[in-house]
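For reference, input19.cif (mmCIF, C-alpha atoms):
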data_entry
loop_
_atom_site.label_atom_id
_atom_site.label_comp_id
_atom_site.auth_asym_id
_atom_site.auth_seq_id
_atom_site.Cartn_x
_atom_site.Cartn_y
_atom_site.Cartn_z
CA MET A 108 146.00 218.43 -19.63
CA SER A 109 148.34 220.44 -21.82
CA SER A 110 147.63 224.16 -22.15
CA ARG A 111 149.15 224.24 -25.64
CA LYS A 112 146.81 225.67 -28.24
CA PRO A 113 145.80 223.47 -31.19
CA GLY A 114 148.19 223.82 -34.10
CA HIS A 115 151.13 224.99 -31.99
CA GLU A 116 154.36 223.09 -32.35
CA PRO A 117 155.51 221.28 -29.18
CA PRO A 118 158.44 222.88 -27.37
CA PRO A 119 161.91 221.51 -28.15
CA SER A 120 162.02 219.64 -24.85
CA GLU A 121 159.11 217.48 -26.07
CA ILE A 122 160.48 216.62 -29.50
CA THR A 123 164.19 216.17 -28.79
CA PRO A 124 166.06 213.46 -26.86
CA GLU A 125 166.89 214.64 -23.34
CA ALA A 126 170.65 214.55 -23.93
CA VAL A 127 170.28 216.80 -26.95
CA TRP A 128 167.92 219.18 -25.14
CA LEU A 129 170.32 219.61 -22.22
CA SER A 130 173.27 220.12 -24.55
CA ARG A 131 171.28 222.62 -26.60
CA ARG A 132 171.02 225.12 -23.76
CA GLU A 133 174.78 225.18 -23.23
CA TRP A 134 175.35 225.27 -27.00
CA MET A 135 173.03 228.24 -27.49
CA ALA A 136 174.69 230.26 -24.77
CA ARG A 137 178.16 229.73 -26.18
CA ALA A 138 177.14 230.10 -29.80
CA GLY A 139 175.36 233.35 -29.00
CA LEU A 140 178.53 234.78 -27.51
CA ALA A 141 180.53 233.67 -30.53
CA ALA A 142 178.07 235.25 -32.95
CA ALA A 143 178.10 238.51 -31.03
CA ALA A 144 181.88 238.56 -31.02
CA ALA A 145 181.98 237.98 -34.76
CA GLY A 146 179.61 240.89 -35.33
CA LEU A 147 177.87 239.09 -38.20
CA PRO A 148 174.08 238.68 -38.20
CA ALA A 149 172.97 235.08 -38.53
CA TRP A 150 171.00 235.67 -41.73
CA ALA A 151 173.91 237.45 -43.39
CA ALA A 152 176.21 234.55 -42.56
CA ARG A 153 173.64 232.09 -43.87
CA ARG A 154 173.20 233.92 -47.15
CA ALA A 155 176.96 234.08 -47.62
CA PHE A 156 177.18 230.44 -48.63
CA ALA A 157 173.63 229.16 -49.13
CA GLN A 158 173.45 230.79 -52.56
CA ASP A 159 175.44 230.94 -55.79
CA ALA A 160 176.59 227.32 -55.80
CA PRO A 161 177.93 225.91 -59.09
CA SER A 162 175.41 224.19 -61.33
CA LEU A 163 175.05 220.41 -61.22
CA ALA A 164 172.33 219.08 -63.48
CA GLY A 165 171.19 215.54 -64.13
CA ARG A 166 168.83 213.88 -66.52
CA PRO A 167 165.18 213.93 -65.40
CA SER A 168 164.08 210.76 -63.62
CA PRO A 169 160.26 210.85 -63.58
CA GLN A 170 160.06 207.17 -62.63
CA PHE A 171 161.55 207.99 -59.23
CA SER A 172 160.14 211.50 -58.73
CA VAL A 173 157.02 212.64 -56.90
CA MET A 174 154.74 215.36 -58.22
CA ASP A 175 154.26 217.16 -54.89
CA LYS A 176 154.97 220.88 -54.71
CA GLN A 177 158.67 221.32 -54.07
CA THR A 178 159.97 223.02 -50.94
CA SER A 179 161.76 226.27 -51.74
CA PHE A 180 165.53 226.30 -52.03
CA LYS A 181 165.59 228.92 -49.28
CA ASP A 182 163.88 226.54 -46.85
CA VAL A 183 165.83 223.49 -48.01
CA SER A 184 169.13 225.30 -47.45
CA SER A 185 168.30 227.08 -44.19
CA TYR A 186 166.18 224.62 -42.16
CA ASN A 187 168.31 221.57 -41.46
CA ASN A 188 169.30 218.92 -38.95
CA TYR A 189 173.09 218.64 -38.94
CA TYR A 190 174.12 218.44 -35.31
CA GLU A 191 177.83 218.69 -36.04
CA PHE A 192 177.10 222.39 -36.58
CA GLY A 193 174.53 222.85 -33.83
CA VAL A 194 171.21 221.54 -32.61
CA ASP A 195 168.91 224.30 -33.88
CA LYS A 196 167.51 224.21 -37.41
CA SER A 197 169.28 227.45 -38.42
CA ASP A 198 172.70 226.43 -37.05
CA PRO A 199 173.92 224.41 -40.06
CA ALA A 200 173.29 227.26 -42.48
CA GLU A 201 174.98 229.67 -40.10
CA TYR A 202 178.08 227.66 -39.24
CA ALA A 203 178.72 225.17 -42.07
CA GLY A 204 180.55 227.67 -44.26
CA LYS A 205 183.84 226.48 -42.76
CA LEU A 206 183.34 222.85 -43.79
CA GLN A 207 186.25 221.88 -46.06
CA THR A 208 184.95 219.81 -48.99
CA ARG A 209 188.19 219.72 -51.04
CA PRO A 210 190.22 217.59 -51.04
CA TRP A 211 187.73 214.83 -50.25
CA SER A 212 187.79 211.07 -50.56
CA VAL A 213 185.51 208.20 -49.59
CA VAL A 214 186.85 204.83 -48.46
CA VAL A 215 184.70 201.82 -49.42
CA GLU A 216 185.86 198.67 -47.65
CA GLY A 217 184.90 195.64 -45.58
CA GLU A 218 183.22 192.60 -47.10
CA VAL A 219 184.10 193.52 -50.69
CA ARG A 220 186.38 192.00 -53.29
CA ARG A 221 187.72 195.34 -54.53
CA PRO A 222 188.11 197.81 -51.65
CA GLN A 223 188.81 201.28 -53.01
CA THR A 224 189.30 204.89 -52.04
CA PHE A 225 187.40 207.24 -54.33
CA ASP A 226 188.26 210.88 -54.85
CA ILE A 227 185.19 213.11 -54.91
CA ASP A 228 185.84 214.12 -58.53
CA ALA A 229 185.99 210.46 -59.55
CA LEU A 230 182.71 209.84 -57.74
CA LEU A 231 181.08 212.69 -59.61
CA LYS A 232 181.86 210.84 -62.85
CA LEU A 233 181.13 207.31 -61.69
CA ALA A 234 177.55 207.17 -63.01
CA PRO A 235 175.14 209.47 -64.88
CA MET A 236 173.58 212.13 -62.66
CA GLU A 237 169.80 212.10 -62.29
CA ASP A 238 167.32 214.72 -61.11
CA ARG A 239 164.93 213.10 -58.62
CA VAL A 240 162.25 214.76 -56.52
CA TYR A 241 161.92 212.96 -53.19
CA ARG A 242 159.84 213.45 -50.08
CA LEU A 243 161.82 213.89 -46.87
CA ARG A 244 160.09 213.08 -43.57
CA CYS A 245 161.87 214.03 -40.36
CA VAL A 246 161.26 212.00 -37.22
CA GLU A 247 160.38 215.26 -35.42
CA GLY A 248 157.23 215.62 -37.51
CA TRP A 249 158.13 217.99 -40.35
CA SER A 250 158.64 217.20 -44.01
CA MET A 251 159.95 218.65 -47.26
CA VAL A 252 159.90 217.83 -50.98
CA ILE A 253 163.42 218.13 -52.38
CA PRO A 254 164.80 217.89 -55.93
CA TRP A 255 168.06 215.99 -55.40
CA VAL A 256 170.82 215.44 -57.96
CA GLY A 257 172.71 212.16 -57.79
CA TYR A 258 172.75 208.53 -58.83
CA PRO A 259 171.79 205.21 -57.20
CA LEU A 260 174.00 204.13 -54.32
CA SER A 261 174.07 200.70 -55.95
CA ALA A 262 176.28 202.09 -58.73
CA LEU A 263 179.05 202.69 -56.20
CA LEU A 264 178.54 199.44 -54.30
CA LYS A 265 178.74 197.39 -57.48
CA GLN A 266 182.17 198.90 -58.16
CA VAL A 267 183.60 197.21 -55.07
CA GLU A 268 181.85 193.85 -55.57
CA PRO A 269 180.27 192.87 -52.23
CA THR A 270 181.11 189.38 -51.01
CA GLY A 271 178.56 186.79 -49.91
CA ASN A 272 179.21 187.79 -46.30
CA ALA A 273 178.05 191.37 -46.84
CA LYS A 274 174.64 191.79 -45.21
CA TYR A 275 174.71 195.43 -44.10
CA VAL A 276 176.27 198.74 -45.10
CA GLU A 277 177.71 201.09 -42.48
CA PHE A 278 178.15 204.79 -43.29
CA THR A 279 180.53 207.10 -41.44
CA THR A 280 180.47 210.87 -41.79
CA VAL A 281 183.24 213.42 -41.53
CA VAL A 282 184.49 215.03 -38.33
CA GLN A 283 186.35 218.32 -38.75
CA ARG A 284 186.74 219.47 -35.17
CA GLU A 285 188.16 222.84 -36.10
CA ASN A 286 185.26 223.53 -38.48
CA MET A 287 182.32 221.81 -36.75
CA PRO A 288 181.46 223.56 -33.48
CA GLY A 289 178.77 221.00 -32.63
CA VAL A 290 181.21 218.13 -32.14
CA ARG A 291 182.62 219.88 -29.09
CA TYR A 292 179.48 218.85 -27.23
CA PRO A 293 178.41 215.30 -26.30
CA VAL A 294 175.10 215.44 -28.15
CA LEU A 295 176.05 212.20 -29.93
CA GLU A 296 179.12 210.05 -30.26
CA TRP A 297 181.19 211.42 -33.14
CA PRO A 298 181.67 210.60 -35.94
CA TYR A 299 178.05 210.10 -36.95
CA VAL A 300 177.36 206.51 -38.03
CA GLU A 301 174.36 205.13 -39.89
CA GLY A 302 173.48 201.82 -41.50
CA LEU A 303 171.26 200.05 -43.99
CA ARG A 304 170.62 196.46 -44.85
CA LEU A 305 172.44 195.60 -48.09
CA ASP A 306 169.22 195.04 -50.03
CA GLU A 307 167.98 198.46 -48.84
CA ALA A 308 171.22 200.09 -49.96
CA MET A 309 170.98 198.39 -53.36
CA HIS A 310 167.37 199.47 -53.89
CA PRO A 311 167.07 201.89 -56.84
CA LEU A 312 165.47 204.56 -54.62
CA ALA A 313 168.55 204.77 -52.36
CA LEU A 314 170.39 207.74 -53.80
CA LEU A 315 173.95 209.02 -53.47
CA VAL A 316 173.40 212.77 -53.59
CA PHE A 317 175.79 215.46 -54.86
CA GLY A 318 173.39 218.34 -55.51
CA VAL A 319 170.03 219.95 -54.91
CA TYR A 320 167.90 222.19 -57.11
CA GLY A 321 170.37 221.73 -59.97
CA LYS A 322 173.25 223.10 -57.88
CA VAL A 323 176.18 221.55 -56.03
CA LEU A 324 175.07 220.49 -52.55
CA PRO A 325 175.43 223.31 -49.98
CA ASN A 326 177.58 222.49 -46.98
CA GLN A 327 174.63 222.60 -44.59
CA ASN A 328 172.85 219.97 -46.67
CA GLY A 329 175.69 217.47 -46.43
CA ALA A 330 178.30 218.47 -49.01
CA PRO A 331 180.02 217.09 -50.92
CA LEU A 332 177.96 213.86 -50.89
CA ARG A 333 175.23 212.34 -48.76
CA LEU A 334 172.49 209.74 -48.82
CA ALA A 335 168.81 210.15 -49.60
CA VAL A 336 166.71 207.19 -48.48
CA PRO A 337 163.21 208.57 -48.93
CA TRP A 338 161.12 205.84 -47.29
CA LYS A 339 162.97 206.26 -43.98
CA TYR A 340 163.09 209.09 -41.47
CA GLY A 341 165.59 211.77 -42.39
CA PHE A 342 168.28 210.86 -39.87
CA LYS A 343 168.99 207.71 -41.90
CA SER A 344 170.20 209.83 -44.83
CA ALA A 345 173.72 210.45 -43.56
CA LYS A 346 175.56 213.58 -44.69
CA SER A 347 179.18 214.34 -45.72
CA LEU A 348 180.24 210.72 -46.12
CA VAL A 349 183.88 209.66 -45.78
CA ARG A 350 183.63 205.90 -45.21
CA ILE A 351 181.30 203.14 -46.44
CA ARG A 352 181.88 199.71 -44.93
CA LEU A 353 180.10 196.50 -45.88
CA VAL A 354 179.71 194.20 -42.90
CA GLU A 355 178.14 190.90 -41.88
CA ARG A 356 176.45 192.08 -38.68
CA GLN A 357 173.97 194.89 -38.18
CA PRO A 358 175.85 198.08 -37.28
CA THR A 359 174.86 200.29 -34.36
CA SER A 360 173.95 203.74 -35.57
CA SER A 361 174.67 206.91 -33.60
CA TRP A 362 171.01 207.47 -32.70
CA MET A 363 170.58 203.84 -31.66
CA GLN A 364 173.55 204.25 -29.35
CA ALA A 365 172.13 207.48 -27.92
CA ALA A 366 168.49 206.42 -27.51
CA ALA A 367 167.70 202.93 -28.78
CA ASN A 368 164.13 203.03 -27.46
CA GLU A 369 163.40 206.07 -29.67
CA TYR A 370 165.47 205.48 -32.82
CA GLY A 371 165.58 202.00 -34.29
CA PHE A 372 167.80 200.57 -36.99
CA TYR A 373 165.12 200.49 -39.66
CA ALA A 374 163.46 203.88 -39.01
CA ASN A 375 160.94 203.31 -41.80
CA VAL A 376 158.34 206.07 -41.95
CA ASN A 377 155.33 204.47 -40.29
CA PRO A 378 152.28 206.46 -39.12
CA ASP A 379 151.12 203.46 -37.08
CA VAL A 380 154.24 203.35 -34.88
CA PRO A 381 154.43 206.43 -32.64
CA HIS A 382 157.64 207.82 -31.27
CA PRO A 383 157.66 207.23 -27.50
CA ARG A 384 156.94 210.93 -26.93
CA TRP A 385 154.76 211.93 -29.89
CA SER A 386 152.60 210.59 -32.69
CA GLN A 387 153.95 209.97 -36.19
CA ALA A 388 150.48 209.96 -37.78
CA THR A 389 150.70 213.50 -39.17
CA GLU A 390 153.35 215.93 -40.36
CA ARG A 391 153.90 219.61 -41.08
CA ARG A 392 155.19 220.35 -44.58
CA ILE A 393 157.74 223.16 -44.39
CA GLY A 394 156.63 226.20 -46.42
CA GLU A 395 152.91 225.48 -46.20
CA ASP A 396 151.60 228.75 -44.75
CA GLY A 397 153.01 228.48 -41.27
CA LEU A 398 152.24 226.65 -38.05
CA PHE A 399 148.46 227.03 -38.27
CA THR A 400 148.11 225.12 -41.54
CA PRO A 401 146.37 221.78 -40.89
CA LYS A 402 148.88 218.98 -40.75
CA ARG A 403 148.82 216.34 -43.46
CA LYS A 404 148.56 212.61 -42.84
CA THR A 405 151.84 210.75 -42.93
CA LEU A 406 151.96 207.99 -45.54
CA MET A 407 153.27 204.50 -44.91
CA PHE A 408 156.91 204.32 -46.04
CA ASN A 409 156.54 208.06 -46.75
CA GLY A 410 154.43 207.22 -49.79
CA TYR A 411 156.90 204.74 -51.29
CA ALA A 412 155.12 201.56 -50.16
CA ASP A 413 154.60 200.26 -53.70
CA GLN A 414 158.34 200.32 -54.28
CA VAL A 415 159.75 199.14 -50.94
CA ALA A 416 157.14 197.22 -48.92
CA SER A 417 158.40 193.92 -50.34
CA LEU A 418 161.73 194.48 -48.56
CA TYR A 419 159.97 193.93 -45.23
CA GLN A 420 157.54 191.16 -46.08
CA GLY A 421 156.83 189.06 -43.00
CA MET A 422 158.57 191.47 -40.62
CA ASP A 423 156.93 192.97 -37.54
CA LEU A 424 157.39 196.66 -38.31
CA LYS A 425 156.57 197.64 -34.73
CA ALA A 426 159.29 195.45 -33.30
CA ASN A 427 161.63 196.42 -36.12
CA TYR A 428 161.00 200.17 -35.82
#
Write the structure described by the file as structure tokens, please.
Amino acid sequence: MSSRKPGHEPPPSEITPEAVWLSRREWMARAGLAAAAAGLPAWAARRAFAQDAPSLAGRPSPQFSVMDKQTSFKDVSSYNNYYEFGVDKSDPAEYAGKLQTRPWSVVVEGEVRRPQTFDIDALLKLAPMEDRVYRLRCVEGWSMVIPWVGYPLSALLKQVEPTGNAKYVEFTTVVQRENMPGVRYPVLEWPYVEGLRLDEAMHPLALLVFGVYGKVLPNQNGAPLRLAVPWKYGFKSAKSLVRIRLVERQPTSSWMQAAANEYGFYANVNPDVPHPRWSQATERRIGEDGLFTPKRKTLMFNGYADQVASLYQGMDLKANY
């Protein structure tokens, strides 16, 4: 029987794939030496680029926004999973300041009639920006409520005119080896790759994100553009996109390649399908009075069942986890 007290979070070794956990120890030792050599406290480095971002406002979108209490900008910008910068939650905010987000372009290709390369400034003008408040549920058991700024991913996909052979969408994220200390370690295969079915990608909830809290997206949150797919676990919402490829066959995502028995292609939030090493029935909302606050029940499809359940009609959601 575990000696852990009720309400305590499980240790990292229980909530992280073994390969990541082993890499984390080496990463922490080396990163600690680097931080000491730089002589800059972690919080000071984090504050240096987590604040004062340029404004980026959109029109309110109440149809697609939840009314939950929003997670603070401080937590949203300092508690992140972005393994290219490190495996601890504070690493992205500490190390992502070196990410180069200009110039930036995104290639959209594959099973499309009009393959194109879009400059980031052209993408910012492609469709009207919207303010949407989404829930984010991480596979590790924590959640946030985040006010994103962006527009539907479908607006971009329609520009390239998918062919009849396009069944899936593969997303590839940036690798800047000189600026991303995490890619020096074999936590995952780099670059990070994710995928959606085409009808999922075209769903109006699937958002191409450029900002948060009315500001340009901070580097640690996936600047200059990322996905937000709110009915799926957070790792499906790929950050810092550089390539979008429409394909006929289901792509293999980075987490599927690393641990297919733990991270499936669909990754829909489902309290009835436990992770092999922990339950998904409850979650801890970041900012809710610490670790001893009672956990809240996780909602099917993260609370978006009315909008997305029809996408999976007739599917076995345990087999298609």
Specify as a VMD selection string each residue included when the PyMOL selection byres ((chain A and resi 236) around 12) is applied to this file.
chain A and resid 163 to 168 230 to 235 237 to 239 255 to 260 262 314 to 319 321 to 323
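Residue nearest Tyr373 in chain A within the list A:Leu334, A:Val281, A:Leu303, A:Leu263: A:Leu303 [criterion: smallest interatomic distance, only C-alpha atoms].
The smallest atom-to-atom distance between Glu247 in chain A and any of A:Pro401, A:Glu307, A:Ala412, A:Glu390, using only C-alpha atoms, is found for A:Glu390.
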When the PyMOL selection byres ((chain A and resi 276) around 7) is applied to the file above, which residues end up in the set, as a list in words?
Tyr275, Glu277, Phe278, Gly302, Leu303, Arg304, Leu305, Ile351, Arg352, Leu353 and Val354 of chain A
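When all atoms listed in the file are used to compute distances to Gln207 in chain A, the closest of the residues A:Asn377, A:Ser185, A:Ser347, A:Thr270 turns out to be A:Ser347.
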Where does the PyMOL selection byres ((chain A and resi 344) around 7) land in this file, that is, which residues does it pick, as a PDB file with C-alpha atoms, in the frame of the given file?
ATOM      1  CA  ARG A 333     175.230 212.340 -48.760  1.00  0.00           C
ATOM      2  CA  LEU A 334     172.490 209.740 -48.820  1.00  0.00           C
ATOM      3  CA  ALA A 335     168.810 210.150 -49.600  1.00  0.00           C
ATOM      4  CA  VAL A 336     166.710 207.190 -48.480  1.00  0.00           C
ATOM      5  CA  GLY A 341     165.590 211.770 -42.390  1.00  0.00           C
ATOM      6  CA  PHE A 342     168.280 210.860 -39.870  1.00  0.00           C
ATOM      7  CA  LYS A 343     168.990 207.710 -41.900  1.00  0.00           C
ATOM      8  CA  ALA A 345     173.720 210.450 -43.560  1.00  0.00           C
ATOM      9  CA  LYS A 346     175.560 213.580 -44.690  1.00  0.00           C
TER      10      LYS A 346
END
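Take CA of Lys205 in chain A and CA of Tyr320 in chain A: the distance between them is 21.9 Å.
With all atoms listed in the file as the atoms that count, the minimum distance from Asn187 in chain A to the choices A:Leu312, A:Arg403, A:Pro293, A:Ile393 is reached by A:Ile393.
When only C-alpha atoms are used to measure the gap to Val415 in chain A, the shortest distance among A:Asp228, A:Glu355, A:Asp396, A:Asp306 belongs to A:Asp306.
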